[in-house]
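What follows is start-v5.cif (mmCIF, N, CA and C atoms).
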data_model
#
loop_
_atom_site.label_atom_id
_atom_site.label_comp_id
_atom_site.auth_asym_id
_atom_site.auth_seq_id
_atom_site.Cartn_x
_atom_site.Cartn_y
_atom_site.Cartn_z
N MET A 1 -58.48 50.00 -58.81
CA MET A 1 -59.52 50.43 -57.89
C MET A 1 -59.05 51.64 -57.11
N SER A 2 -59.98 52.25 -56.43
CA SER A 2 -59.61 53.40 -55.62
C SER A 2 -59.03 52.91 -54.29
N LEU A 3 -58.33 53.78 -53.63
CA LEU A 3 -57.73 53.46 -52.35
C LEU A 3 -58.80 53.08 -51.33
N LEU A 4 -59.93 53.79 -51.34
CA LEU A 4 -61.02 53.48 -50.41
C LEU A 4 -61.57 52.07 -50.65
N MET A 5 -61.78 51.72 -51.92
CA MET A 5 -62.29 50.38 -52.24
C MET A 5 -61.30 49.31 -51.81
N ASP A 6 -60.02 49.54 -52.02
CA ASP A 6 -59.00 48.59 -51.58
C ASP A 6 -59.04 48.40 -50.07
N GLU A 7 -59.13 49.48 -49.34
CA GLU A 7 -59.15 49.39 -47.88
C GLU A 7 -60.40 48.66 -47.39
N LEU A 8 -61.55 48.95 -47.98
CA LEU A 8 -62.78 48.27 -47.60
C LEU A 8 -62.70 46.78 -47.91
N TYR A 9 -62.16 46.43 -49.07
CA TYR A 9 -62.03 45.03 -49.45
C TYR A 9 -61.18 44.28 -48.44
N TYR A 10 -60.01 44.81 -48.13
CA TYR A 10 -59.12 44.11 -47.21
C TYR A 10 -59.66 44.10 -45.78
N ALA A 11 -60.44 45.10 -45.41
CA ALA A 11 -61.02 45.13 -44.06
C ALA A 11 -62.18 44.16 -43.93
N LEU A 12 -63.01 44.04 -44.98
CA LEU A 12 -64.21 43.21 -44.90
C LEU A 12 -64.03 41.81 -45.46
N ILE A 13 -63.22 41.64 -46.47
CA ILE A 13 -63.05 40.35 -47.12
C ILE A 13 -61.68 39.75 -46.78
N GLY A 14 -60.64 40.51 -47.03
CA GLY A 14 -59.29 40.04 -46.75
C GLY A 14 -58.80 39.02 -47.76
N GLY A 15 -57.76 38.31 -47.38
CA GLY A 15 -57.18 37.31 -48.25
C GLY A 15 -58.04 36.06 -48.33
N PRO A 16 -57.60 35.10 -49.12
CA PRO A 16 -58.36 33.86 -49.26
C PRO A 16 -58.49 33.11 -47.93
N HIS A 17 -59.66 32.55 -47.71
CA HIS A 17 -59.96 31.75 -46.52
C HIS A 17 -60.52 30.40 -46.98
N PRO A 18 -59.65 29.45 -47.32
CA PRO A 18 -60.14 28.16 -47.84
C PRO A 18 -61.13 27.46 -46.92
N ASP A 19 -61.05 27.71 -45.63
CA ASP A 19 -61.98 27.07 -44.70
C ASP A 19 -63.41 27.61 -44.84
N ARG A 20 -63.58 28.73 -45.52
CA ARG A 20 -64.91 29.32 -45.70
C ARG A 20 -65.49 29.06 -47.09
N TRP A 21 -64.75 28.38 -47.94
CA TRP A 21 -65.19 28.10 -49.30
C TRP A 21 -66.11 26.90 -49.33
N PRO A 22 -67.03 26.85 -50.31
CA PRO A 22 -67.86 25.66 -50.47
C PRO A 22 -66.99 24.45 -50.83
N GLU A 23 -67.33 23.29 -50.30
CA GLU A 23 -66.53 22.09 -50.54
C GLU A 23 -66.43 21.74 -52.02
N TYR A 24 -67.50 21.98 -52.77
CA TYR A 24 -67.48 21.60 -54.19
C TYR A 24 -66.55 22.47 -55.03
N LEU A 25 -66.02 23.55 -54.45
CA LEU A 25 -65.09 24.41 -55.19
C LEU A 25 -63.66 24.34 -54.65
N GLU A 26 -63.34 23.34 -53.87
CA GLU A 26 -62.00 23.22 -53.30
C GLU A 26 -60.92 23.19 -54.37
N GLU A 27 -61.22 22.59 -55.52
CA GLU A 27 -60.23 22.46 -56.59
C GLU A 27 -60.13 23.71 -57.47
N ASN A 28 -60.99 24.70 -57.25
CA ASN A 28 -60.98 25.92 -58.05
C ASN A 28 -60.93 27.13 -57.11
N PRO A 29 -59.73 27.48 -56.62
CA PRO A 29 -59.63 28.55 -55.63
C PRO A 29 -60.06 29.92 -56.13
N VAL A 30 -59.91 30.20 -57.40
CA VAL A 30 -60.32 31.51 -57.92
C VAL A 30 -61.84 31.66 -57.84
N GLN A 31 -62.55 30.65 -58.32
CA GLN A 31 -64.01 30.70 -58.26
C GLN A 31 -64.50 30.63 -56.82
N ALA A 32 -63.83 29.83 -56.00
CA ALA A 32 -64.23 29.70 -54.59
C ALA A 32 -64.11 31.04 -53.87
N HIS A 33 -63.01 31.74 -54.06
CA HIS A 33 -62.84 33.04 -53.40
C HIS A 33 -63.82 34.06 -53.96
N GLY A 34 -64.09 33.99 -55.27
CA GLY A 34 -65.08 34.88 -55.88
C GLY A 34 -66.47 34.66 -55.30
N MET A 35 -66.85 33.40 -55.12
CA MET A 35 -68.15 33.09 -54.54
C MET A 35 -68.22 33.58 -53.10
N TYR A 36 -67.14 33.39 -52.36
CA TYR A 36 -67.09 33.87 -50.98
C TYR A 36 -67.25 35.39 -50.94
N CYS A 37 -66.54 36.11 -51.80
CA CYS A 37 -66.64 37.57 -51.84
C CYS A 37 -68.06 38.01 -52.22
N PHE A 38 -68.64 37.34 -53.20
CA PHE A 38 -70.00 37.67 -53.61
C PHE A 38 -70.98 37.46 -52.45
N ARG A 39 -70.87 36.33 -51.77
CA ARG A 39 -71.76 36.02 -50.65
C ARG A 39 -71.62 37.07 -49.55
N GLU A 40 -70.40 37.45 -49.24
CA GLU A 40 -70.18 38.46 -48.21
C GLU A 40 -70.73 39.82 -48.65
N GLY A 41 -70.60 40.16 -49.93
CA GLY A 41 -71.15 41.41 -50.44
C GLY A 41 -72.66 41.46 -50.33
N VAL A 42 -73.31 40.36 -50.68
CA VAL A 42 -74.78 40.29 -50.56
C VAL A 42 -75.18 40.40 -49.10
N ARG A 43 -74.47 39.69 -48.22
CA ARG A 43 -74.78 39.72 -46.79
C ARG A 43 -74.63 41.14 -46.25
N LEU A 44 -73.55 41.82 -46.59
CA LEU A 44 -73.35 43.19 -46.12
C LEU A 44 -74.41 44.13 -46.68
N GLY A 45 -74.78 43.94 -47.95
CA GLY A 45 -75.83 44.77 -48.55
C GLY A 45 -77.17 44.59 -47.85
N LEU A 46 -77.51 43.36 -47.51
CA LEU A 46 -78.76 43.11 -46.80
C LEU A 46 -78.73 43.70 -45.39
N LEU A 47 -77.60 43.61 -44.73
CA LEU A 47 -77.49 44.21 -43.41
C LEU A 47 -77.64 45.73 -43.48
N LEU A 48 -77.06 46.35 -44.51
CA LEU A 48 -77.22 47.79 -44.69
C LEU A 48 -78.68 48.15 -44.97
N ALA A 49 -79.35 47.34 -45.78
CA ALA A 49 -80.76 47.60 -46.10
C ALA A 49 -81.62 47.50 -44.85
N VAL A 50 -81.38 46.49 -44.04
CA VAL A 50 -82.15 46.33 -42.80
C VAL A 50 -81.93 47.53 -41.89
N GLU A 51 -80.70 47.95 -41.77
CA GLU A 51 -80.39 49.10 -40.92
C GLU A 51 -81.00 50.38 -41.47
N ALA A 52 -81.00 50.53 -42.79
CA ALA A 52 -81.53 51.74 -43.40
C ALA A 52 -83.05 51.83 -43.24
N PHE A 53 -83.75 50.70 -43.30
CA PHE A 53 -85.20 50.71 -43.24
C PHE A 53 -85.77 50.42 -41.85
N SER A 54 -84.93 50.07 -40.90
CA SER A 54 -85.44 49.71 -39.58
C SER A 54 -86.16 50.85 -38.87
N PRO A 55 -85.73 52.12 -38.97
CA PRO A 55 -86.50 53.17 -38.31
C PRO A 55 -87.92 53.30 -38.88
N GLU A 56 -88.08 53.07 -40.16
CA GLU A 56 -89.40 53.15 -40.79
C GLU A 56 -90.29 52.00 -40.32
N VAL A 57 -89.73 50.86 -40.08
CA VAL A 57 -90.51 49.71 -39.66
C VAL A 57 -91.03 49.92 -38.24
N GLY A 58 -90.23 50.57 -37.39
CA GLY A 58 -90.63 50.77 -36.00
C GLY A 58 -91.69 51.83 -35.80
N GLU A 59 -91.94 52.64 -36.77
CA GLU A 59 -92.92 53.73 -36.62
C GLU A 59 -94.33 53.30 -36.84
#

Would you write the structure of this file as C-alpha cells?
Amino acid sequence: MSLLMDELYYALIGGPHPDRWPEYLEENPVQAHGMYCFREGVRLGLLLAVEAFSPEVGE
C-alpha cells in the first residue's frame, strides 16, 4: 500500500480491538477484524457523504 493509505489505516482503524468484534466471530480473529474494518469504512463513507451533501440539503 501507499504510505498515505498506511497512515490513514492506522489513524482510523489501528490494531485489532477484540472488544469491538461481533461475539459470533470471537473464534475467528482475522474475519472479525476484517468485519470491523469494513464496518468502520462504511461508517466513514456515509459520514463523508452526509458532509458532502449537507450544504445542498440546507438550500

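The gap separating CA of Glu40 in chain A from CA of Ile13 in chain A is 7.5 Å, in Å to one decimal.
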
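Between atom N of Gly34 in chain A and CA of Met5 in chain A the separation is 16.8 Å.
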
Taking all listed atoms of range 31-39 of chain A, build the axis-aligned box, pad each of the six sides by 4 Å, then write its centre and edge lengths in Å to one decimal as AutoDock Vina command-line options.
--center_x -67.2 --center_y 33.9 --center_z -53.9 --size_x 17.2 --size_y 16.3 --size_z 16.8

**Message:** Can you pull out every residue from chain A that DSSP, working from the backbone, puts in helix (DSSP H, G or I), and format the result as a ChimeraX atom specification?
**Reply:** /A:3-12,18-20,23-25,29-58

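Checking A:Leu3, A:Ala49, A:Ala32, A:Val42 one by one against His17 in chain A, counting all atoms listed in the file, you find the shortest gap at A:Ala32.
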
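A straight line drawn from CA of Phe38 in chain A to CA of Pro18 in chain A is 14.9 Å long.
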
From the structure just shown, export range 5-46 of chain A with N, CA and C atoms as an mmCIF file, in the first residue's frame.
data_model
loop_
_atom_site.group_PDB
_atom_site.id
_atom_site.type_symbol
_atom_site.label_atom_id
_atom_site.label_comp_id
_atom_site.auth_asym_id
_atom_site.auth_seq_id
_atom_site.Cartn_x
_atom_site.Cartn_y
_atom_site.Cartn_z
ATOM 1 N N MET A 5 -2.070 5.603 2.585
ATOM 2 C CA MET A 5 -3.076 4.617 2.973
ATOM 3 C C MET A 5 -2.703 3.954 4.296
ATOM 4 N N ASP A 6 -1.436 3.647 4.488
ATOM 5 C CA ASP A 6 -0.994 3.064 5.754
ATOM 6 C C ASP A 6 -1.270 4.003 6.917
ATOM 7 N N GLU A 7 -0.945 5.257 6.750
ATOM 8 C CA GLU A 7 -1.157 6.233 7.825
ATOM 9 C C GLU A 7 -2.640 6.393 8.142
ATOM 10 N N LEU A 8 -3.481 6.459 7.112
ATOM 11 C CA LEU A 8 -4.920 6.569 7.330
ATOM 12 C C LEU A 8 -5.469 5.339 8.038
ATOM 13 N N TYR A 9 -5.014 4.163 7.632
ATOM 14 C CA TYR A 9 -5.476 2.921 8.254
ATOM 15 C C TYR A 9 -5.150 2.917 9.738
ATOM 16 N N TYR A 10 -3.903 3.204 10.075
ATOM 17 C CA TYR A 10 -3.511 3.161 11.487
ATOM 18 C C TYR A 10 -4.148 4.287 12.295
ATOM 19 N N ALA A 11 -4.441 5.411 11.667
ATOM 20 C CA ALA A 11 -5.084 6.518 12.381
ATOM 21 C C ALA A 11 -6.563 6.247 12.614
ATOM 22 N N LEU A 12 -7.242 5.632 11.633
ATOM 23 C CA LEU A 12 -8.686 5.436 11.738
ATOM 24 C C LEU A 12 -9.084 4.060 12.255
ATOM 25 N N ILE A 13 -8.327 3.038 11.941
ATOM 26 C CA ILE A 13 -8.673 1.673 12.325
ATOM 27 C C ILE A 13 -7.746 1.177 13.437
ATOM 28 N N GLY A 14 -6.464 1.257 13.195
ATOM 29 C CA GLY A 14 -5.494 0.805 14.190
ATOM 30 C C GLY A 14 -5.401 -0.707 14.272
ATOM 31 N N GLY A 15 -4.821 -1.169 15.352
ATOM 32 C CA GLY A 15 -4.650 -2.598 15.557
ATOM 33 C C GLY A 15 -5.954 -3.274 15.932
ATOM 34 N N PRO A 16 -5.898 -4.578 16.117
ATOM 35 C CA PRO A 16 -7.104 -5.322 16.473
ATOM 36 C C PRO A 16 -7.695 -4.859 17.812
ATOM 37 N N HIS A 17 -9.006 -4.785 17.865
ATOM 38 C CA HIS A 17 -9.747 -4.412 19.073
ATOM 39 C C HIS A 17 -10.784 -5.503 19.347
ATOM 40 N N PRO A 18 -10.396 -6.590 20.007
ATOM 41 C CA PRO A 18 -11.338 -7.698 20.231
ATOM 42 C C PRO A 18 -12.630 -7.273 20.930
ATOM 43 N N ASP A 19 -12.581 -6.229 21.720
ATOM 44 C CA ASP A 19 -13.788 -5.772 22.409
ATOM 45 C C ASP A 19 -14.813 -5.159 21.454
ATOM 46 N N ARG A 20 -14.409 -4.842 20.236
ATOM 47 C CA ARG A 20 -15.313 -4.245 19.248
ATOM 48 C C ARG A 20 -15.802 -5.247 18.205
ATOM 49 N N TRP A 21 -15.349 -6.485 18.296
ATOM 50 C CA TRP A 21 -15.731 -7.514 17.334
ATOM 51 C C TRP A 21 -17.078 -8.111 17.691
ATOM 52 N N PRO A 22 -17.817 -8.600 16.682
ATOM 53 C CA PRO A 22 -19.064 -9.308 16.977
ATOM 54 C C PRO A 22 -18.774 -10.583 17.774
ATOM 55 N N GLU A 23 -19.644 -10.907 18.715
ATOM 56 C CA GLU A 23 -19.426 -12.078 19.566
ATOM 57 C C GLU A 23 -19.337 -13.371 18.767
ATOM 58 N N TYR A 24 -20.111 -13.471 17.692
ATOM 59 C CA TYR A 24 -20.119 -14.721 16.930
ATOM 60 C C TYR A 24 -18.815 -14.959 16.167
ATOM 61 N N LEU A 25 -17.928 -13.965 16.129
ATOM 62 C CA LEU A 25 -16.647 -14.133 15.435
ATOM 63 C C LEU A 25 -15.456 -14.159 16.396
ATOM 64 N N GLU A 26 -15.691 -14.361 17.669
ATOM 65 C CA GLU A 26 -14.602 -14.369 18.644
ATOM 66 C C GLU A 26 -13.540 -15.413 18.319
ATOM 67 N N GLU A 27 -13.950 -16.540 17.750
ATOM 68 C CA GLU A 27 -13.016 -17.629 17.446
ATOM 69 C C GLU A 27 -12.285 -17.428 16.117
ATOM 70 N N ASN A 28 -12.645 -16.400 15.355
ATOM 71 C CA ASN A 28 -12.024 -16.150 14.058
ATOM 72 C C ASN A 28 -11.544 -14.696 14.010
ATOM 73 N N PRO A 29 -10.371 -14.411 14.595
ATOM 74 C CA PRO A 29 -9.916 -13.021 14.693
ATOM 75 C C PRO A 29 -9.648 -12.348 13.356
ATOM 76 N N VAL A 30 -9.259 -13.087 12.347
ATOM 77 C CA VAL A 30 -8.995 -12.476 11.037
ATOM 78 C C VAL A 30 -10.296 -11.955 10.434
ATOM 79 N N GLN A 31 -11.325 -12.789 10.434
ATOM 80 C CA GLN A 31 -12.610 -12.350 9.899
ATOM 81 C C GLN A 31 -13.227 -11.267 10.778
ATOM 82 N N ALA A 32 -13.065 -11.392 12.089
ATOM 83 C CA ALA A 32 -13.623 -10.390 12.999
ATOM 84 C C ALA A 32 -13.006 -9.020 12.755
ATOM 85 N N HIS A 33 -11.695 -8.955 12.610
ATOM 86 C CA HIS A 33 -11.044 -7.663 12.357
ATOM 87 C C HIS A 33 -11.414 -7.135 10.981
ATOM 88 N N GLY A 34 -11.546 -8.036 10.002
ATOM 89 C CA GLY A 34 -11.978 -7.620 8.671
ATOM 90 C C GLY A 34 -13.377 -7.019 8.682
ATOM 91 N N MET A 35 -14.286 -7.639 9.420
ATOM 92 C CA MET A 35 -15.648 -7.116 9.532
ATOM 93 C C MET A 35 -15.647 -5.764 10.229
ATOM 94 N N TYR A 36 -14.830 -5.641 11.263
ATOM 95 C CA TYR A 36 -14.721 -4.364 11.970
ATOM 96 C C TYR A 36 -14.204 -3.278 11.030
ATOM 97 N N CYS A 37 -13.168 -3.579 10.256
ATOM 98 C CA CYS A 37 -12.613 -2.604 9.312
ATOM 99 C C CYS A 37 -13.644 -2.226 8.245
ATOM 100 N N PHE A 38 -14.364 -3.215 7.742
ATOM 101 C CA PHE A 38 -15.385 -2.945 6.738
ATOM 102 C C PHE A 38 -16.469 -2.033 7.311
ATOM 103 N N ARG A 39 -16.937 -2.343 8.514
ATOM 104 C CA ARG A 39 -17.985 -1.541 9.152
ATOM 105 C C ARG A 39 -17.518 -0.102 9.358
ATOM 106 N N GLU A 40 -16.290 0.066 9.806
ATOM 107 C CA GLU A 40 -15.756 1.415 10.006
ATOM 108 C C GLU A 40 -15.608 2.151 8.678
ATOM 109 N N GLY A 41 -15.215 1.442 7.614
ATOM 110 C CA GLY A 41 -15.103 2.066 6.298
ATOM 111 C C GLY A 41 -16.440 2.547 5.774
ATOM 112 N N VAL A 42 -17.467 1.725 5.946
ATOM 113 C CA VAL A 42 -18.817 2.128 5.520
ATOM 114 C C VAL A 42 -19.279 3.325 6.333
ATOM 115 N N ARG A 43 -19.050 3.282 7.648
ATOM 116 C CA ARG A 43 -19.462 4.389 8.517
ATOM 117 C C ARG A 43 -18.763 5.684 8.107
ATOM 118 N N LEU A 44 -17.467 5.626 7.860
ATOM 119 C CA LEU A 44 -16.736 6.821 7.448
ATOM 120 C C LEU A 44 -17.204 7.322 6.087
ATOM 121 N N GLY A 45 -17.492 6.395 5.166
ATOM 122 C CA GLY A 45 -18.003 6.789 3.857
ATOM 123 C C GLY A 45 -19.347 7.493 3.950
ATOM 124 N N LEU A 46 -20.227 6.987 4.802
ATOM 125 C CA LEU A 46 -21.527 7.631 4.981
ATOM 126 C C LEU A 46 -21.384 9.005 5.630
#
